[in-house]
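I have placed the structure first, in the form of structure tokens, so that the comments after it can refer back to it.
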Amino acid sequence: ICPYGGCGVGKKEVVRIPFFGWAYWLSGHLLIDRGNREKAVASMNKLSKFVNDKKLSIWIWPEGTRSMDGKLIPFKKGFVHLALATRLPIIPVVLHGSHKRWPAKTMQFYPGEVKVEVLDPIKTDDWTKETIDKHIEEVKGLMSEALG
């Protein structure tokens, strides 16, 4: 699912997860401090420059965290700011049933299927800071529709 040349963005607390968090950090993914807005914005700016320089793609969870019931929760604005800075298209990836396999706020995993659905790319060429909320709702609407 994750092609070579991608850079993930996650919360700094991920590094506390044994093995997964360590591997995530050691493989070069960006960890941001969501509790400190200035540091988070600086990290995102650094990431957008790095992505443009190295011709990478970005993997980011627009909600910032997972919901308990598998339904979408409000999206953060970071993914739109990255799209504005990089002009990369948004390619929504929807996971069906993942909340049953790895419930939020736990380190418990349950065997079973998770359906991964990759939606059509959304061009960001004409996106602006003034229309951020519109773009968030557009992406969230497409993902909500796909979730059913």
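Letters for chains follow the order of the structure tokens (A, B, ...), residue numbers begin at 1 for each chain, and ligand numbers begin at 1 in the order shown.
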Which of chain A DSSP labels strand (DSSP E or B), written as an MDAnalysis selection string: chainID A and resid 6:11 30:32 57:60 90 93:96 115:118 122
Hey, what's within 7 Å of stretch 41-52 of chain A if we count only C-alpha atoms and toss same-chain stuff fewer than 2 positions away? As a ChimeraX atom specification, please? /A:32,37-39,54-57,82,85-86
Selection export as an mmCIF file, in the first residue's frame, atoms kept: N, CA, C and O atoms:
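Generated file (selection.cif):
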data_model
loop_
_atom_site.group_PDB
_atom_site.id
_atom_site.type_symbol
_atom_site.label_atom_id
_atom_site.label_comp_id
_atom_site.auth_asym_id
_atom_site.auth_seq_id
_atom_site.Cartn_x
_atom_site.Cartn_y
_atom_site.Cartn_z
ATOM 1 N N ILE A 32 5.616 14.881 15.100
ATOM 2 C CA ILE A 32 5.335 16.263 15.466
ATOM 3 C C ILE A 32 4.767 16.348 16.874
ATOM 4 O O ILE A 32 4.137 15.418 17.362
ATOM 5 N N ARG A 37 1.939 24.235 19.168
ATOM 6 C CA ARG A 37 1.573 24.681 17.824
ATOM 7 C C ARG A 37 2.777 25.195 17.037
ATOM 8 O O ARG A 37 2.940 24.885 15.861
ATOM 9 N N GLU A 38 3.629 26.002 17.671
ATOM 10 C CA GLU A 38 4.773 26.572 16.964
ATOM 11 C C GLU A 38 5.719 25.479 16.473
ATOM 12 O O GLU A 38 6.197 25.512 15.342
ATOM 13 N N LYS A 39 5.996 24.499 17.347
ATOM 14 C CA LYS A 39 6.876 23.398 16.941
ATOM 15 C C LYS A 39 6.235 22.557 15.841
ATOM 16 O O LYS A 39 6.909 22.108 14.921
ATOM 17 N N LYS A 54 13.226 16.349 -2.220
ATOM 18 C CA LYS A 54 13.509 14.926 -2.461
ATOM 19 C C LYS A 54 12.463 14.238 -3.332
ATOM 20 O O LYS A 54 12.563 13.047 -3.603
ATOM 21 N N LYS A 55 11.420 14.981 -3.743
ATOM 22 C CA LYS A 55 10.353 14.425 -4.588
ATOM 23 C C LYS A 55 9.671 13.225 -3.920
ATOM 24 O O LYS A 55 9.526 12.154 -4.510
ATOM 25 N N LEU A 56 9.252 13.418 -2.674
ATOM 26 C CA LEU A 56 8.598 12.365 -1.898
ATOM 27 C C LEU A 56 7.091 12.578 -1.858
ATOM 28 O O LEU A 56 6.586 13.623 -2.260
ATOM 29 N N SER A 57 6.409 11.594 -1.352
ATOM 30 C CA SER A 57 4.990 11.737 -1.039
ATOM 31 C C SER A 57 4.847 11.717 0.484
ATOM 32 O O SER A 57 5.779 11.365 1.192
ATOM 33 N N LEU A 82 -0.043 21.181 4.173
ATOM 34 C CA LEU A 82 1.006 20.464 3.440
ATOM 35 C C LEU A 82 0.696 20.428 1.942
ATOM 36 O O LEU A 82 1.595 20.562 1.119
ATOM 37 N N ALA A 85 1.563 23.763 0.509
ATOM 38 C CA ALA A 85 3.009 23.992 0.445
ATOM 39 C C ALA A 85 3.698 23.135 -0.612
ATOM 40 O O ALA A 85 4.683 23.563 -1.208
ATOM 41 N N THR A 86 3.183 21.941 -0.860
ATOM 42 C CA THR A 86 3.850 21.018 -1.785
ATOM 43 C C THR A 86 3.166 20.924 -3.143
ATOM 44 O O THR A 86 3.756 20.473 -4.105
#
Residues within 9 Å of A:Lys129, please, as a ChimeraX atom specification. Count only C-alpha atoms; anything in the same chain fewer than 3 positions from it doesn't count. /A:80-81,84,132-133
Keeping only N, CA and C atoms, write those residues as a PDB file, in the first residue's frame.
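Writing the result to result25.pdb gives the following:
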ATOM      1  N   VAL A  80      -4.033  19.922   4.720  1.00  0.00           N
ATOM      2  CA  VAL A  80      -4.307  20.935   3.702  1.00  0.00           C
ATOM      3  C   VAL A  80      -3.128  21.905   3.605  1.00  0.00           C
ATOM      4  N   HIS A  81      -2.566  22.273   4.739  1.00  0.00           N
ATOM      5  CA  HIS A  81      -1.390  23.153   4.715  1.00  0.00           C
ATOM      6  C   HIS A  81      -0.232  22.486   3.968  1.00  0.00           C
ATOM      7  N   LEU A  84      -0.999  22.652   0.279  1.00  0.00           N
ATOM      8  CA  LEU A  84      -0.741  24.003  -0.230  1.00  0.00           C
ATOM      9  C   LEU A  84       0.757  24.242  -0.431  1.00  0.00           C
ATOM     10  N   ILE A 132      -9.455  26.776   2.893  1.00  0.00           N
ATOM     11  CA  ILE A 132      -9.032  25.580   3.635  1.00  0.00           C
ATOM     12  C   ILE A 132     -10.223  24.771   4.138  1.00  0.00           C
ATOM     13  N   ASP A 133     -11.168  25.419   4.777  1.00  0.00           N
ATOM     14  CA  ASP A 133     -12.314  24.689   5.353  1.00  0.00           C
ATOM     15  C   ASP A 133     -13.116  23.957   4.280  1.00  0.00           C
TER      16      ASP A 133
END
I'd like the neighbourhood of stretch 17-22 of chain A as a short mmCIF file (atom, residue, chain, number, x, y, z; two decimals) with all heavy atoms, in the first residue's frame, where a residue qualifies if any of its atoms comes within 12 Å (using only C-alpha atoms), though same-chain residues fewer than 4 positions away should be ignored.
data_model
loop_
_atom_site.label_atom_id
_atom_site.label_comp_id
_atom_site.auth_asym_id
_atom_site.auth_seq_id
_atom_site.Cartn_x
_atom_site.Cartn_y
_atom_site.Cartn_z
N GLY A 8 5.96 9.44 6.31
CA GLY A 8 4.80 9.51 7.19
C GLY A 8 4.91 10.64 8.19
O GLY A 8 6.00 11.11 8.50
N GLY A 10 3.40 11.61 12.02
CA GLY A 10 2.66 11.11 13.17
C GLY A 10 2.96 11.92 14.41
O GLY A 10 3.88 12.74 14.44
N LYS A 11 2.19 11.68 15.45
CA LYS A 11 2.42 12.40 16.71
C LYS A 11 3.65 11.84 17.40
O LYS A 11 3.98 10.65 17.28
CB LYS A 11 1.19 12.29 17.61
CG LYS A 11 0.79 10.89 17.99
CD LYS A 11 -0.50 10.90 18.78
CE LYS A 11 -0.91 9.47 19.12
NZ LYS A 11 -2.14 9.44 19.87
N LYS A 12 4.34 12.70 18.14
CA LYS A 12 5.61 12.31 18.74
C LYS A 12 5.45 11.15 19.72
O LYS A 12 6.39 10.39 19.96
CB LYS A 12 6.28 13.49 19.44
CG LYS A 12 5.61 13.94 20.71
CD LYS A 12 6.38 15.04 21.39
CE LYS A 12 5.73 15.36 22.73
NZ LYS A 12 6.50 16.25 23.53
N GLU A 13 4.27 10.97 20.28
CA GLU A 13 4.02 9.89 21.23
C GLU A 13 4.14 8.51 20.59
O GLU A 13 4.28 7.51 21.30
CB GLU A 13 2.64 10.05 21.87
CG GLU A 13 2.49 11.26 22.77
CD GLU A 13 2.22 12.57 22.02
OE1 GLU A 13 1.99 12.54 20.80
OE2 GLU A 13 2.27 13.62 22.67
N LEU A 26 12.98 5.51 13.46
CA LEU A 26 14.27 5.19 12.88
C LEU A 26 14.26 5.17 11.34
O LEU A 26 15.28 5.36 10.70
CB LEU A 26 14.79 3.85 13.41
CG LEU A 26 15.24 3.87 14.87
CD1 LEU A 26 15.50 2.45 15.36
CD2 LEU A 26 16.45 4.75 15.06
N SER A 27 13.08 4.93 10.76
CA SER A 27 12.99 4.90 9.30
C SER A 27 12.80 6.29 8.70
O SER A 27 12.62 6.43 7.49
CB SER A 27 11.90 3.94 8.84
OG SER A 27 10.65 4.33 9.34
N GLY A 28 12.85 7.32 9.54
CA GLY A 28 12.87 8.68 9.02
C GLY A 28 11.54 9.40 8.94
O GLY A 28 11.47 10.49 8.37
N HIS A 29 10.50 8.83 9.48
CA HIS A 29 9.21 9.51 9.44
C HIS A 29 9.21 10.67 10.43
O HIS A 29 9.89 10.64 11.46
CB HIS A 29 8.08 8.53 9.77
CG HIS A 29 7.96 7.44 8.75
ND1 HIS A 29 7.42 7.64 7.51
CD2 HIS A 29 8.33 6.15 8.80
CE1 HIS A 29 7.46 6.51 6.82
NE2 HIS A 29 8.01 5.59 7.59
N LEU A 30 8.44 11.70 10.12
CA LEU A 30 8.39 12.89 10.94
C LEU A 30 7.44 12.70 12.12
O LEU A 30 6.32 12.23 11.96
CB LEU A 30 7.91 14.08 10.10
CG LEU A 30 7.77 15.40 10.85
CD1 LEU A 30 9.15 15.92 11.25
CD2 LEU A 30 7.05 16.42 10.00
N LEU A 31 7.92 13.07 13.30
CA LEU A 31 7.08 13.04 14.50
C LEU A 31 6.88 14.48 14.95
O LEU A 31 7.84 15.22 15.13
CB LEU A 31 7.76 12.22 15.60
CG LEU A 31 7.99 10.75 15.24
CD1 LEU A 31 8.84 10.07 16.30
CD2 LEU A 31 6.67 10.03 15.09
N LYS A 105 -6.66 3.86 21.32
CA LYS A 105 -6.24 3.99 22.71
C LYS A 105 -5.86 2.66 23.36
O LYS A 105 -5.90 2.52 24.58
CB LYS A 105 -7.30 4.71 23.55
CG LYS A 105 -7.64 6.09 23.01
CD LYS A 105 -8.60 6.82 23.90
CE LYS A 105 -9.15 8.08 23.34
NZ LYS A 105 -8.37 8.98 22.64
N THR A 106 -5.53 1.65 22.54
CA THR A 106 -5.10 0.36 23.08
C THR A 106 -3.89 -0.13 22.29
O THR A 106 -3.59 0.37 21.21
CB THR A 106 -6.18 -0.74 22.95
OG1 THR A 106 -6.28 -1.15 21.59
CG2 THR A 106 -7.53 -0.27 23.47
N MET A 107 -3.24 -1.11 22.84
CA MET A 107 -2.18 -1.80 22.12
C MET A 107 -2.61 -3.25 21.90
O MET A 107 -1.78 -4.15 21.82
CB MET A 107 -0.87 -1.74 22.91
CG MET A 107 -0.18 -0.39 22.84
SD MET A 107 0.10 0.18 21.15
CE MET A 107 1.17 -1.07 20.51
N GLN A 108 -3.91 -3.45 21.80
CA GLN A 108 -4.43 -4.79 21.56
C GLN A 108 -4.81 -4.92 20.10
O GLN A 108 -5.45 -4.04 19.52
CB GLN A 108 -5.64 -5.05 22.45
CG GLN A 108 -5.29 -4.97 23.92
CD GLN A 108 -6.35 -5.61 24.80
OE1 GLN A 108 -7.48 -5.77 24.38
NE2 GLN A 108 -5.95 -5.96 25.99
#
Given the choices A:Glu117, A:Asp69, A:Asp125, A:Asp53, which gets closest to A:Pro89 if the distance is worked out from only C-alpha atoms? A:Asp125
Quick one: residues within 9 Å of A:Pro103, only C-alpha atoms counted, chain neighbours fewer than 5 positions away excluded, as a CSV table (one decimal) with N, CA and C atoms, in the first residue's frame?
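Output file part_13.csv is given in full below:
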chain,number,residue,atom,x,y,z
A,66,ARG,N,-7.3,8.2,15.8
A,66,ARG,CA,-8.4,7.3,15.4
A,66,ARG,C,-9.6,7.4,16.3
A,67,SER,N,-10.7,7.2,15.7
A,67,SER,CA,-12.0,7.2,16.5
A,67,SER,C,-12.2,5.8,17.1
A,68,MET,N,-13.0,5.8,18.1
A,68,MET,CA,-13.3,4.5,18.8
A,68,MET,C,-14.2,3.6,18.0
A,69,ASP,N,-15.1,4.2,17.2
A,69,ASP,CA,-16.2,3.4,16.5
A,69,ASP,C,-15.9,3.3,15.0
A,70,GLY,N,-14.8,3.8,14.5
A,70,GLY,CA,-14.6,3.6,13.0
A,70,GLY,C,-15.1,4.7,12.2
A,98,SER,N,-10.8,-1.3,10.5
A,98,SER,CA,-9.5,-1.3,11.2
A,98,SER,C,-9.8,-1.0,12.7
A,108,GLN,N,-3.9,-3.5,21.8
A,108,GLN,CA,-4.4,-4.8,21.6
A,108,GLN,C,-4.8,-4.9,20.1
A,109,PHE,N,-4.4,-6.0,19.5
A,109,PHE,CA,-4.7,-6.3,18.1
A,109,PHE,C,-5.5,-7.6,18.0
A,110,TYR,N,-6.5,-7.6,17.1
A,110,TYR,CA,-7.4,-8.7,16.9
A,110,TYR,C,-7.3,-9.2,15.4
Identify all residues of stretch 26-134 of chain A in alpha helix (DSSP H) (DSSP on the backbone) and supply them as a ChimeraX atom specification. /A:26,37-54,78-86,98-101,132-134
Tell me which protein, DNA and RNA residues are within 6 Å of A:Glu63, counting only C-alpha atoms, leaving out same-chain ones fewer than 3 positions away, and put them as a VMD selection string. chain A and resid 74 to 76
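For the pair atom CA of A:Val14 and atom CA of A:Ile60, the interatomic distance is 13.4 Å.
Taking only C-alpha atoms into account, A:Met143 lies nearest to A:His96 out of the set A:Lys123, A:His96, A:Arg87, A:Pro111.
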Taken to one decimal, the atom CA of A:Gly6-atom CA of A:Glu130 distance is 27.8 Å
Identify, on the basis of only C-alpha atoms, every residue whose closest approach to A:Val93 does not exceed 7 Å; exclude the query and any residue fewer than 3 positions from it along the same chain; express the result as a ChimeraX atom specification. /A:116-119
